[in-house]
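Structure file target-v6.pdb; described as PDB, C-alpha atoms and all ligand atoms.
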MODEL        1
ATOM      1  CA  MET A 183       4.614  83.793  15.109
ATOM      2  CA  ASP A 184       5.177  80.505  13.311
ATOM      3  CA  GLU A 185       7.595  80.622  10.464
ATOM      4  CA  TYR A 186       5.578  78.240   8.308
ATOM      5  CA  THR A 187       1.937  77.791   7.373
ATOM      6  CA  PRO A 188       0.658  74.331   8.371
ATOM      7  CA  LYS A 189       0.575  73.513   4.657
ATOM      8  CA  GLY A 190       4.192  74.523   4.107
ATOM      9  CA  ARG A 191       5.346  72.831   7.304
ATOM     10  CA  LEU A 192       3.813  69.462   6.446
ATOM     11  CA  ALA A 193       4.977  69.633   2.841
ATOM     12  CA  ARG A 194       8.542  70.167   4.063
ATOM     13  CA  ALA A 195       8.354  67.586   6.852
ATOM     14  CA  LEU A 196       7.066  64.887   4.482
ATOM     15  CA  ARG A 197       9.985  65.554   2.168
ATOM     16  CA  GLY A 198      12.531  65.396   4.962
ATOM     17  CA  GLU A 199      13.272  69.132   4.928
ATOM     18  CA  SER A 200      13.867  71.151   8.096
ATOM     19  CA  VAL A 201      10.923  72.753   9.903
ATOM     20  CA  ASP A 202      10.465  74.727  13.123
ATOM     21  CA  ARG A 203       8.431  71.970  14.849
ATOM     22  CA  MET A 204       6.430  68.843  14.215
ATOM     23  CA  PRO A 205       3.125  69.277  12.290
ATOM     24  CA  ALA A 206       0.022  67.928  14.064
ATOM     25  CA  ILE A 207      -1.868  65.642  11.691
ATOM     26  CA  SER A 208      -3.558  62.286  11.315
ATOM     27  CA  VAL A 209      -2.966  60.459   8.046
ATOM     28  CA  THR A 210      -5.655  57.933   8.990
ATOM     29  CA  GLN A 211      -9.384  58.610   9.382
ATOM     30  CA  THR A 212     -10.308  61.469  11.749
ATOM     31  CA  GLY A 213     -14.113  61.268  12.252
ATOM     32  CA  THR A 214     -15.425  60.821  15.811
ATOM     33  CA  VAL A 215     -18.851  61.092  17.443
ATOM     34  CA  GLU A 216     -17.805  64.053  19.607
ATOM     35  CA  GLN A 217     -16.678  65.941  16.497
ATOM     36  CA  MET A 218     -19.936  65.003  14.735
ATOM     37  CA  GLU A 219     -21.881  66.429  17.670
ATOM     38  CA  ALA A 220     -19.777  69.597  17.619
ATOM     39  CA  CYS A 221     -20.193  70.286  13.889
ATOM     40  CA  GLY A 222     -23.605  68.712  13.149
ATOM     41  CA  ALA A 223     -22.359  66.423  10.354
ATOM     42  CA  PHE A 224     -22.813  62.764  11.262
ATOM     43  CA  TRP A 225     -21.955  59.383   9.786
ATOM     44  CA  PRO A 226     -23.345  57.764   7.718
ATOM     45  CA  GLU A 227     -24.533  60.944   5.911
ATOM     46  CA  ALA A 228     -21.038  62.477   6.118
ATOM     47  CA  ASN A 229     -19.786  59.511   4.078
ATOM     48  CA  GLU A 230     -22.268  60.228   1.287
ATOM     49  CA  ASP A 231     -22.766  63.994   1.070
ATOM     50  CA  ALA A 232     -19.880  66.264   0.012
ATOM     51  CA  GLU A 233     -20.883  69.244   2.173
ATOM     52  CA  LYS A 234     -21.287  67.072   5.280
ATOM     53  CA  MET A 235     -18.067  65.221   4.538
ATOM     54  CA  ALA A 236     -16.209  68.533   4.297
ATOM     55  CA  THR A 237     -17.865  69.805   7.499
ATOM     56  CA  LEU A 238     -16.792  66.754   9.512
ATOM     57  CA  ALA A 239     -13.281  66.878   8.033
ATOM     58  CA  GLU A 240     -13.099  70.544   8.996
ATOM     59  CA  ALA A 241     -13.976  69.618  12.597
ATOM     60  CA  GLY A 242     -10.671  67.767  12.796
ATOM     61  CA  HIS A 243      -9.059  71.192  12.465
ATOM     62  CA  THR A 244     -11.510  73.473  14.276
ATOM     63  CA  VAL A 245     -12.476  71.116  17.134
ATOM     64  CA  ILE A 246      -9.340  68.993  17.630
ATOM     65  CA  GLY A 247      -6.607  71.232  16.291
ATOM     66  CA  PHE A 248      -5.223  69.022  13.541
ATOM     67  CA  GLU A 249      -3.209  71.143  11.137
ATOM     68  CA  ALA A 250      -4.743  69.535   8.062
ATOM     69  CA  VAL A 251      -8.118  68.447   6.743
ATOM     70  CA  ARG A 252      -8.613  64.923   5.476
ATOM     71  CA  VAL A 253     -11.305  62.954   3.610
ATOM     72  CA  PRO A 254     -12.935  60.448   3.474
ATOM     73  CA  PHE A 255     -13.560  58.521   6.733
ATOM     74  CA  ASP A 256     -13.934  55.009   5.371
ATOM     75  CA  ILE A 257     -12.366  52.702   2.789
ATOM     76  CA  THR A 258     -15.369  51.312   0.936
ATOM     77  CA  ALA A 259     -16.177  54.005  -1.647
ATOM     78  CA  GLU A 260     -13.787  52.422  -4.158
ATOM     79  CA  ALA A 261     -15.323  48.924  -4.037
ATOM     80  CA  GLU A 262     -18.810  50.457  -4.031
ATOM     81  CA  PHE A 263     -17.873  52.414  -7.164
ATOM     82  CA  PHE A 264     -17.184  49.116  -8.949
ATOM     83  CA  GLY A 265     -20.491  47.610  -7.820
ATOM     84  CA  CYS A 266     -19.604  45.702  -4.636
ATOM     85  CA  ASP A 267     -22.394  45.444  -2.048
ATOM     86  CA  ILE A 268     -21.794  47.677   0.942
ATOM     87  CA  LYS A 269     -23.254  47.451   4.429
ATOM     88  CA  THR A 270     -24.061  51.061   5.310
ATOM     89  CA  GLY A 271     -22.425  52.203   8.518
ATOM     90  CA  THR A 272     -23.947  53.990  11.494
ATOM     91  CA  LYS A 273     -22.995  57.074  13.506
ATOM     92  CA  GLU A 274     -20.326  54.977  15.219
ATOM     93  CA  GLN A 275     -19.511  52.350  12.627
ATOM     94  CA  GLN A 276     -17.882  52.702   9.238
ATOM     95  CA  PRO A 277     -19.473  50.987   6.217
ATOM     96  CA  SER A 278     -18.047  47.633   5.127
ATOM     97  CA  VAL A 279     -17.819  45.622   1.911
ATOM     98  CA  VAL A 280     -20.053  42.533   1.957
ATOM     99  CA  GLY A 281     -20.320  41.478  -1.710
ATOM    100  CA  HIS A 282     -17.727  41.022  -4.446
ATOM    101  CA  VAL A 283     -17.999  41.544  -8.197
ATOM    102  CA  VAL A 284     -14.952  40.033  -9.923
ATOM    103  CA  LYS A 285     -14.387  36.336 -10.501
ATOM    104  CA  SER A 286     -12.822  36.263 -13.975
ATOM    105  CA  ILE A 287     -10.938  38.275 -16.573
ATOM    106  CA  GLU A 288     -14.265  38.811 -18.384
ATOM    107  CA  ASP A 289     -15.629  40.474 -15.239
ATOM    108  CA  ILE A 290     -12.617  42.803 -15.211
ATOM    109  CA  GLU A 291     -13.167  43.771 -18.859
ATOM    110  CA  LYS A 292     -16.715  44.890 -18.070
ATOM    111  CA  LEU A 293     -15.471  47.335 -15.422
ATOM    112  CA  LYS A 294     -12.919  49.225 -17.488
ATOM    113  CA  ASP A 295     -15.255  52.010 -18.544
ATOM    114  CA  TYR A 296     -16.062  54.286 -15.620
ATOM    115  CA  ASP A 297     -16.796  57.904 -14.766
ATOM    116  CA  LEU A 298     -15.027  59.343 -11.716
ATOM    117  CA  ASN A 299     -17.788  61.913 -11.245
ATOM    118  CA  GLU A 300     -20.144  59.129 -10.188
ATOM    119  CA  GLY A 301     -20.915  57.671  -6.759
ATOM    120  CA  ARG A 302     -18.975  58.410  -3.639
ATOM    121  CA  ILE A 303     -15.752  58.784  -5.635
ATOM    122  CA  GLY A 304     -17.329  61.928  -7.082
ATOM    123  CA  VAL A 305     -18.487  62.956  -3.592
ATOM    124  CA  VAL A 306     -14.972  62.680  -2.115
ATOM    125  CA  CYS A 307     -13.550  64.765  -4.979
ATOM    126  CA  GLU A 308     -16.273  67.369  -4.416
ATOM    127  CA  ALA A 309     -15.530  67.473  -0.667
ATOM    128  CA  ILE A 310     -11.845  68.048  -1.453
ATOM    129  CA  LYS A 311     -12.821  70.953  -3.678
ATOM    130  CA  ILE A 312     -14.943  72.525  -0.924
ATOM    131  CA  LEU A 313     -12.115  72.142   1.616
ATOM    132  CA  SER A 314      -9.506  73.371  -0.807
ATOM    133  CA  GLU A 315     -11.492  76.510  -1.632
ATOM    134  CA  LYS A 316     -11.805  77.303   2.064
ATOM    135  CA  TYR A 317      -8.435  76.171   3.441
ATOM    136  CA  GLY A 318      -6.206  75.449   0.457
ATOM    137  CA  ASP A 319      -3.829  78.368   1.054
ATOM    138  CA  GLU A 320      -3.261  77.551   4.688
ATOM    139  CA  LEU A 321      -3.872  73.894   5.535
ATOM    140  CA  PRO A 322      -2.728  70.670   3.903
ATOM    141  CA  ILE A 323      -5.634  69.062   2.030
ATOM    142  CA  MET A 324      -5.312  65.303   2.466
ATOM    143  CA  GLY A 325      -6.995  62.898   0.116
ATOM    144  CA  SER A 326      -7.098  59.266   1.079
ATOM    145  CA  MET A 327      -7.956  56.191  -0.943
ATOM    146  CA  LEU A 328      -7.946  52.440  -0.615
ATOM    147  CA  GLY A 329      -4.839  51.128  -2.345
ATOM    148  CA  PRO A 330      -4.867  48.852  -5.404
ATOM    149  CA  PHE A 331      -4.136  45.539  -3.687
ATOM    150  CA  SER A 332      -6.809  45.893  -0.998
ATOM    151  CA  LEU A 333      -9.265  47.188  -3.619
ATOM    152  CA  ALA A 334      -8.610  44.050  -5.678
ATOM    153  CA  GLN A 335      -9.310  42.009  -2.546
ATOM    154  CA  HIS A 336     -12.567  43.901  -1.968
ATOM    155  CA  MET A 337     -13.571  43.186  -5.578
ATOM    156  CA  ASN A 338     -12.538  39.526  -5.644
ATOM    157  CA  GLY A 339     -13.135  38.551  -2.002
ATOM    158  CA  ASP A 340     -10.802  36.444   0.098
ATOM    159  CA  ASP A 341     -10.063  34.224  -2.937
ATOM    160  CA  TRP A 342      -7.745  37.046  -3.929
ATOM    161  CA  PHE A 343      -4.837  35.851  -1.771
ATOM    162  CA  MET A 344      -4.907  32.449  -3.453
ATOM    163  CA  ALA A 345      -5.589  33.932  -6.899
ATOM    164  CA  ILE A 346      -2.317  35.886  -7.057
ATOM    165  CA  MET A 347      -0.432  32.676  -6.331
ATOM    166  CA  THR A 348      -2.311  30.343  -8.654
ATOM    167  CA  ASP A 349      -3.532  32.547 -11.523
ATOM    168  CA  GLU A 350      -0.981  35.200 -12.357
ATOM    169  CA  GLU A 351      -2.772  36.393 -15.490
ATOM    170  CA  PHE A 352      -5.944  37.121 -13.533
ATOM    171  CA  GLY A 353      -3.958  38.649 -10.666
ATOM    172  CA  PHE A 354      -2.104  41.065 -12.915
ATOM    173  CA  ALA A 355      -5.266  41.931 -14.861
ATOM    174  CA  LEU A 356      -7.145  42.913 -11.709
ATOM    175  CA  MET A 357      -4.142  44.824 -10.344
ATOM    176  CA  GLU A 358      -3.931  46.715 -13.624
ATOM    177  CA  LEU A 359      -7.592  47.742 -13.357
ATOM    178  CA  THR A 360      -7.296  48.848  -9.723
ATOM    179  CA  THR A 361      -3.959  50.612 -10.221
ATOM    180  CA  GLU A 362      -5.195  52.548 -13.253
ATOM    181  CA  PHE A 363      -8.291  53.503 -11.268
ATOM    182  CA  ASN A 364      -6.181  54.599  -8.268
ATOM    183  CA  ILE A 365      -4.006  56.757 -10.521
ATOM    184  CA  ALA A 366      -6.994  58.431 -12.175
ATOM    185  CA  TYR A 367      -8.744  58.952  -8.822
ATOM    186  CA  ALA A 368      -5.623  60.353  -7.130
ATOM    187  CA  LYS A 369      -5.090  62.707 -10.083
ATOM    188  CA  LYS A 370      -8.635  63.967  -9.815
ATOM    189  CA  MET A 371      -8.273  64.540  -6.063
ATOM    190  CA  ALA A 372      -5.047  66.455  -6.744
ATOM    191  CA  GLU A 373      -6.718  68.536  -9.460
ATOM    192  CA  ASN A 374      -9.428  69.399  -6.928
ATOM    193  CA  GLY A 375      -6.845  70.620  -4.424
ATOM    194  CA  ALA A 376      -5.400  67.626  -2.556
ATOM    195  CA  ASP A 377      -1.716  68.201  -1.818
ATOM    196  CA  THR A 378      -1.110  65.026   0.200
ATOM    197  CA  MET A 379      -2.234  61.545  -0.859
ATOM    198  CA  VAL A 380      -2.674  58.750   1.657
ATOM    199  CA  ILE A 381      -2.737  55.270   0.186
ATOM    200  CA  ILE A 382      -4.469  52.963   2.659
ATOM    201  CA  ASP A 383      -3.651  49.426   1.553
ATOM    202  CA  PRO A 384      -4.315  47.459   4.752
ATOM    203  CA  THR A 385      -4.098  43.948   3.338
ATOM    204  CA  ALA A 386      -1.183  44.606   0.962
ATOM    205  CA  SER A 387       1.056  43.166   3.597
ATOM    206  CA  ALA A 388       4.170  41.121   2.994
ATOM    207  CA  MET A 389       3.227  39.438   6.283
ATOM    208  CA  LEU A 390       0.172  38.026   4.502
ATOM    209  CA  ILE A 391       1.511  37.331   1.006
ATOM    210  CA  GLY A 392       5.289  37.128   1.452
ATOM    211  CA  ASP A 393       8.054  39.327   0.058
ATOM    212  CA  GLU A 394       8.098  37.726  -3.397
ATOM    213  CA  PHE A 395       4.430  38.393  -4.110
ATOM    214  CA  TYR A 396       4.570  41.802  -2.448
ATOM    215  CA  GLN A 397       7.423  42.785  -4.739
ATOM    216  CA  LYS A 398       5.680  41.409  -7.812
ATOM    217  CA  PHE A 399       2.117  42.655  -7.271
ATOM    218  CA  VAL A 400       2.252  45.561  -4.850
ATOM    219  CA  VAL A 401       5.479  47.545  -5.323
ATOM    220  CA  PRO A 402       5.020  48.327  -9.056
ATOM    221  CA  ALA A 403       1.414  49.427  -8.429
ATOM    222  CA  HIS A 404       2.357  51.741  -5.568
ATOM    223  CA  LYS A 405       5.287  53.096  -7.558
ATOM    224  CA  LYS A 406       3.023  54.111 -10.456
ATOM    225  CA  ILE A 407       0.726  56.021  -8.100
ATOM    226  CA  VAL A 408       3.659  57.661  -6.301
ATOM    227  CA  ASP A 409       5.336  58.693  -9.575
ATOM    228  CA  THR A 410       2.113  60.260 -10.847
ATOM    229  CA  MET A 411       1.635  62.169  -7.594
ATOM    230  CA  ARG A 412       5.238  63.373  -7.593
ATOM    231  CA  GLU A 413       4.737  64.852 -11.069
ATOM    232  CA  MET A 414       1.845  66.840  -9.556
ATOM    233  CA  ASN A 415       3.895  67.858  -6.495
ATOM    234  CA  VAL A 416       1.663  65.795  -4.207
ATOM    235  CA  ALA A 417       3.323  64.036  -1.260
ATOM    236  CA  THR A 418       2.452  60.390  -0.676
ATOM    237  CA  VAL A 419       1.937  58.422   2.531
ATOM    238  CA  LEU A 420       1.457  54.644   2.569
ATOM    239  CA  HIS A 421      -0.425  52.920   5.387
ATOM    240  CA  ILE A 422      -0.431  49.143   5.764
ATOM    241  CA  CYS A 423      -1.837  47.525   8.902
ATOM    242  CA  GLY A 424      -0.014  45.128  11.218
ATOM    243  CA  ASP A 425       3.637  44.626  12.028
ATOM    244  CA  THR A 426       5.202  45.768   8.764
ATOM    245  CA  THR A 427       8.743  45.919  10.198
ATOM    246  CA  PRO A 428      10.299  43.207   7.980
ATOM    247  CA  SER A 429       8.833  44.678   4.780
ATOM    248  CA  LEU A 430       9.522  48.380   5.346
ATOM    249  CA  GLY A 431      12.409  48.290   2.861
ATOM    250  CA  LEU A 432      10.114  46.880   0.180
ATOM    251  CA  MET A 433       7.425  49.430   1.027
ATOM    252  CA  GLU A 434      10.017  52.205   0.735
ATOM    253  CA  SER A 435      11.157  50.944  -2.682
ATOM    254  CA  SER A 436       7.894  52.258  -4.174
ATOM    255  CA  GLY A 437       9.261  55.772  -3.573
ATOM    256  CA  VAL A 438       6.627  56.956  -1.070
ATOM    257  CA  ASP A 439       7.528  60.021   0.963
ATOM    258  CA  ALA A 440       6.220  58.574   4.223
ATOM    259  CA  ILE A 441       5.068  55.278   5.695
ATOM    260  CA  SER A 442       2.392  55.144   8.374
ATOM    261  CA  VAL A 443       3.187  52.312  10.792
ATOM    262  CA  ASP A 444       0.736  50.889  13.265
ATOM    263  CA  GLN A 445       1.080  50.215  16.980
ATOM    264  CA  ASN A 446       2.523  46.729  16.395
ATOM    265  CA  VAL A 447       5.703  48.273  14.972
ATOM    266  CA  ASP A 448       8.693  49.128  17.168
ATOM    267  CA  VAL A 449       9.676  52.566  15.854
ATOM    268  CA  GLU A 450      13.381  52.338  16.680
ATOM    269  CA  THR A 451      13.721  49.038  14.829
ATOM    270  CA  ALA A 452      11.583  50.387  11.984
ATOM    271  CA  LEU A 453      13.861  53.405  11.584
ATOM    272  CA  SER A 454      16.793  51.086  10.937
ATOM    273  CA  LYS A 455      14.870  49.479   8.038
ATOM    274  CA  VAL A 456      14.308  52.630   5.954
ATOM    275  CA  ASN A 457      16.713  55.061   4.336
ATOM    276  CA  ASP A 458      15.021  58.425   4.005
ATOM    277  CA  THR A 459      11.300  57.665   4.192
ATOM    278  CA  ILE A 460       9.520  59.520   7.006
ATOM    279  CA  LEU A 461       7.818  57.243   9.536
ATOM    280  CA  VAL A 462       4.381  58.306  10.783
ATOM    281  CA  GLY A 463       2.577  56.816  13.801
ATOM    282  CA  ASN A 464       2.042  54.995  15.966
ATOM    283  CA  LEU A 465      -0.207  55.617  18.949
ATOM    284  CA  ASP A 466      -2.594  52.718  19.485
ATOM    285  CA  PRO A 467      -6.030  54.025  18.387
ATOM    286  CA  VAL A 468      -7.864  51.640  20.728
ATOM    287  CA  SER A 469      -5.900  51.018  23.930
ATOM    288  CA  THR A 470      -4.302  54.476  24.002
ATOM    289  CA  LEU A 471      -6.320  57.099  22.124
ATOM    290  CA  TRP A 472      -9.746  55.713  22.922
ATOM    291  CA  LYS A 473      -9.256  54.151  26.350
ATOM    292  CA  MET A 474      -6.624  56.179  28.183
ATOM    293  CA  THR A 475      -6.855  59.506  30.002
ATOM    294  CA  PRO A 476      -5.425  62.651  28.389
ATOM    295  CA  GLU A 477      -2.453  62.550  30.785
ATOM    296  CA  GLU A 478      -1.738  58.942  29.811
ATOM    297  CA  VAL A 479      -2.047  59.870  26.124
ATOM    298  CA  LYS A 480       0.578  62.572  26.680
ATOM    299  CA  LYS A 481       2.920  60.048  28.284
ATOM    300  CA  ALA A 482       2.390  57.549  25.461
ATOM    301  CA  SER A 483       2.980  60.358  22.936
ATOM    302  CA  GLU A 484       6.218  61.249  24.674
ATOM    303  CA  ASN A 485       7.415  57.655  24.344
ATOM    304  CA  VAL A 486       6.674  57.589  20.604
ATOM    305  CA  LEU A 487       8.358  60.972  20.132
ATOM    306  CA  GLU A 488      11.436  59.774  22.038
ATOM    307  CA  SER A 489      11.657  56.711  19.813
ATOM    308  CA  GLY A 490      12.403  59.052  16.901
ATOM    309  CA  ILE A 491       9.140  58.995  14.938
ATOM    310  CA  GLY A 492       9.023  61.450  12.018
ATOM    311  CA  LEU A 493       5.401  62.473  12.615
ATOM    312  CA  LEU A 494       3.409  61.588  15.720
ATOM    313  CA  ALA A 495      -0.057  60.338  14.706
ATOM    314  CA  PRO A 496      -2.558  57.543  15.352
ATOM    315  CA  GLY A 497      -1.218  54.133  14.249
ATOM    316  CA  CYS A 498      -4.440  53.355  12.354
ATOM    317  CA  GLY A 499      -7.895  54.904  11.885
ATOM    318  CA  ILE A 500      -9.172  56.847  14.898
ATOM    319  CA  VAL A 501     -11.981  54.986  16.696
ATOM    320  CA  SER A 502     -15.275  56.896  16.481
ATOM    321  CA  LYS A 503     -15.762  56.930  20.274
ATOM    322  CA  THR A 504     -12.371  58.538  20.935
ATOM    323  CA  PRO A 505     -12.726  61.566  23.256
ATOM    324  CA  ASN A 506     -11.753  64.993  21.924
ATOM    325  CA  ALA A 507      -9.612  65.518  25.009
ATOM    326  CA  ASN A 508      -7.367  62.588  24.088
ATOM    327  CA  LEU A 509      -6.885  63.733  20.512
ATOM    328  CA  ARG A 510      -6.148  67.247  21.751
ATOM    329  CA  ALA A 511      -3.554  65.823  24.152
ATOM    330  CA  MET A 512      -1.771  64.140  21.225
ATOM    331  CA  VAL A 513      -1.975  67.338  19.157
ATOM    332  CA  GLU A 514      -0.544  69.395  22.013
ATOM    333  CA  MET A 515       2.424  67.036  22.414
ATOM    334  CA  THR A 516       3.061  67.182  18.675
ATOM    335  CA  LYS A 517       2.989  70.965  18.468
ATOM    336  CA  ASN A 518       5.436  71.239  21.358
ATOM    337  CA  HIS A 519       7.906  68.889  19.699
ATOM    338  CA  LYS A 520      10.959  70.291  17.964
ATOM    339  CA  TYR A 521      12.978  67.873  15.861
TER     340      TYR A 521
HETATM  341 ZN    ZN A 601      -4.169  50.184   9.834
ENDMDL
END

If you took the structure in this file and wrote it as structure tokens, what would it be?
Amino acid sequence: MDEYTPKGRLARALRGESVDRMPAISVTQTGTVEQMEACGAFWPEANEDAEKMATLAEAGHTVIGFEAVRVPFDITAEAEFFGCDIKTGTKEQQPSVVGHVVKSIEDIEKLKDYDLNEGRIGVVCEAIKILSEKYGDELPIMGSMLGPFSLAQHMNGDDWFMAIMTDEEFGFALMELTTEFNIAYAKKMAENGADTMVIIDPTASAMLIGDEFYQKFVVPAHKKIVDTMREMNVATVLHICGDTTPSLGLMESSGVDAISVDQNVDVETALSKVNDTILVGNLDPVSTLWKMTPEEVKKASENVLESGIGLLAPGCGIVSKTPNANLRAMVEMTKNHKY
């Protein structure tokens, strides 16, 4: 019999404490068509209805074998909450942000009064409650949210990258709004039972904005979220897309427990860039998890495990067409791995 519950094992692993073996999880989105067919909860409804969202999240555990449940499956609920136009997704496609709502400091002022019970933010919190009531004693309950920098970009559009460099006052004002929102939202998810918080901040990349601006705009925002979560005993994982190798030290300075690195990162090099932050990743969700055979997925998993990764997982969101068999192959390799 295992010495730890999956919840206890992940909590310890994310804090760098010893465990009997590696926990099998995905910190990035888990929804796939085969899981939808197995559990009867499909996108796009499972992005909008708390019961369906919880049912599809549960399939990650019951169908695939992940030792955690995680919501939501997309990263547009936050921008939608603030009034951005969203293109609704399909069974295979996640929704996307197509319209932006903030151009000036006056626009920001108008958005400061909000109610977290509303919209899909409320739905995600409700889904966490459902999952927590069912699995909270046994499984980690993972809440995920778009991070403050990428949310600001969703709200302002692609002008955002220029705005932080040319209009500091506006840049800081929008970051303050998004960071305060992220803190309040993360708190509410934690109050509803989330014990692990994944901050998905795909475009908060020092590769895109440079170290100076990353340090100025992104690190303090992430640190505030991380500090709040730590006070609530919630572990934090930060995911930023692309080759984040040169900026891992800066990412770590926010105090996150773990960093999710994507398939562009060489894990051995990455390990030399962090002190005690756990690295999570980094199987390629497209060329490996979607396209390969289960045997090839096992081989690729072995390579990532041998490189010294802290937690084997997909390097970014799982592609909706990914076969169950491939995800199960990754899970099997993880469960067999002793540190
Ligand atoms: Zn990514």

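Among the candidates A:Ile500, A:Leu494, A:Ile268, A:Cys423, the residue lying nearest to ligand ZN 601 (chain A) is A:Cys423 (atoms considered: all atoms listed in the file).
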
Enumerate residues in contact with ligand ZN 601 (chain A): an atom-to-atom distance of at most 6 Å, counting all atoms listed in the file. Format the result as a CSV table (one decimal) with C-alpha atoms, keeping the file's coordinate frame.
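What ended up in selection_18.csv:
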chain,number,residue,atom,x,y,z
A,384,PRO,CA,-4.3,47.5,4.8
A,422,ILE,CA,-0.4,49.1,5.8
A,423,CYS,CA,-1.8,47.5,8.9
A,498,CYS,CA,-4.4,53.4,12.4

* To do: I need the residue set behind the PyMOL selection byres (((chain A and resi 254) around 12) and not hetatm) for this file; please write it as a PyMOL selection string.
  => chain A and resi 209-213+225-240+251-253+255-260+276-277+302-310+313+323-328+371+379-382+499

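Neighbouring residues of segment 458-474 of chain A at 6 Å or closer, counting only C-alpha atoms and skipping chain neighbours under 6 positions away, are Asp439, Ala440, Ile441, Ser442, Val443, Asp444, Gln445, Ile491, Gly492, Leu493, Leu494, Ala495, Pro496, Gly497, Ile500, Thr504 and Asn508 of chain A.
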
* **Non-local contacts of segment 354-356 of chain A (8 Å; all atoms listed in the file; under 5 positions in same chain excluded) as a list in words** =>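 Using all atoms listed in the file, the neighbours found are Ile287, Ile290, Ala334, Ile346 and Phe399 of chain A.
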
* Compile the contact shell of Arg203 of chain A as a PyMOL selection string: residues with an atom at most 9 Å away, counting all atoms listed in the file, same-chain residues fewer than 2 positions apart removed. => chain A and resi 191+200-201+205+516-521

* **Residue contacts of Thr361 of chain A (12 Å, all atoms listed in the file) excluding same-chain residues fewer than 3 positions away, as JSON, numbers by chain** => {"A": [260, 294, 327, 328, 329, 330, 331, 332, 333, 334, 353, 354, 355, 356, 357, 358, 364, 365, 366, 367, 368, 381, 383, 399, 400, 401, 402, 403, 404, 405, 406, 407, 408, 410]}

Keeping only C-alpha atoms, write the selected residues to a file as an mmCIF file, in the frame of the given file.
data_model
loop_
_atom_site.group_PDB
_atom_site.id
_atom_site.type_symbol
_atom_site.label_atom_id
_atom_site.label_comp_id
_atom_site.auth_asym_id
_atom_site.auth_seq_id
_atom_site.Cartn_x
_atom_site.Cartn_y
_atom_site.Cartn_z
ATOM 1 C CA GLU A 260 -13.787 52.422 -4.158
ATOM 2 C CA LYS A 294 -12.919 49.225 -17.488
ATOM 3 C CA MET A 327 -7.956 56.191 -0.943
ATOM 4 C CA LEU A 328 -7.946 52.440 -0.615
ATOM 5 C CA GLY A 329 -4.839 51.128 -2.345
ATOM 6 C CA PRO A 330 -4.867 48.852 -5.404
ATOM 7 C CA PHE A 331 -4.136 45.539 -3.687
ATOM 8 C CA SER A 332 -6.809 45.893 -0.998
ATOM 9 C CA LEU A 333 -9.265 47.188 -3.619
ATOM 10 C CA ALA A 334 -8.610 44.050 -5.678
ATOM 11 C CA GLY A 353 -3.958 38.649 -10.666
ATOM 12 C CA PHE A 354 -2.104 41.065 -12.915
ATOM 13 C CA ALA A 355 -5.266 41.931 -14.861
ATOM 14 C CA LEU A 356 -7.145 42.913 -11.709
ATOM 15 C CA MET A 357 -4.142 44.824 -10.344
ATOM 16 C CA GLU A 358 -3.931 46.715 -13.624
ATOM 17 C CA ASN A 364 -6.181 54.599 -8.268
ATOM 18 C CA ILE A 365 -4.006 56.757 -10.521
ATOM 19 C CA ALA A 366 -6.994 58.431 -12.175
ATOM 20 C CA TYR A 367 -8.744 58.952 -8.822
ATOM 21 C CA ALA A 368 -5.623 60.353 -7.130
ATOM 22 C CA ILE A 381 -2.737 55.270 0.186
ATOM 23 C CA ASP A 383 -3.651 49.426 1.553
ATOM 24 C CA PHE A 399 2.117 42.655 -7.271
ATOM 25 C CA VAL A 400 2.252 45.561 -4.850
ATOM 26 C CA VAL A 401 5.479 47.545 -5.323
ATOM 27 C CA PRO A 402 5.020 48.327 -9.056
ATOM 28 C CA ALA A 403 1.414 49.427 -8.429
ATOM 29 C CA HIS A 404 2.357 51.741 -5.568
ATOM 30 C CA LYS A 405 5.287 53.096 -7.558
ATOM 31 C CA LYS A 406 3.023 54.111 -10.456
ATOM 32 C CA ILE A 407 0.726 56.021 -8.100
ATOM 33 C CA VAL A 408 3.659 57.661 -6.301
ATOM 34 C CA THR A 410 2.113 60.260 -10.847
#

* Name the closest residue to Gln217 of chain A among the candidates A:Lys311, A:Lys292, A:His421, A:Lys273; distances are taken between atoms, counting all atoms listed in the file. =>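 Using all atoms listed in the file, Gln217 of chain A sits closest to A:Lys273.
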
* **Residue nearest Thr385 of chain A among A:Ser314, A:Thr270, A:Thr426, A:Ser483 (counting all atoms listed in the file)** => A:Thr426

Can you put N, CA and C atoms back into segment 466-471 of chain A and show it as a compact mmCIF listing (two decimals), keeping the file's coordinate frame?
# COMPACT_ATOMS: atom_id res chain seq x y z
N ASP A 466 -1.54 53.72 19.62
CA ASP A 466 -2.59 52.72 19.48
C ASP A 466 -3.97 53.40 19.52
N PRO A 467 -4.74 53.31 18.42
CA PRO A 467 -6.03 54.02 18.39
C PRO A 467 -7.03 53.48 19.41
N VAL A 468 -6.90 52.23 19.80
CA VAL A 468 -7.86 51.64 20.73
C VAL A 468 -7.37 51.78 22.17
N SER A 469 -6.29 51.08 22.51
CA SER A 469 -5.90 51.02 23.93
C SER A 469 -5.35 52.35 24.44
N THR A 470 -4.83 53.18 23.55
CA THR A 470 -4.30 54.48 24.00
C THR A 470 -5.29 55.61 23.73
N LEU A 471 -5.56 55.88 22.45
CA LEU A 471 -6.32 57.10 22.12
C LEU A 471 -7.79 57.03 22.55
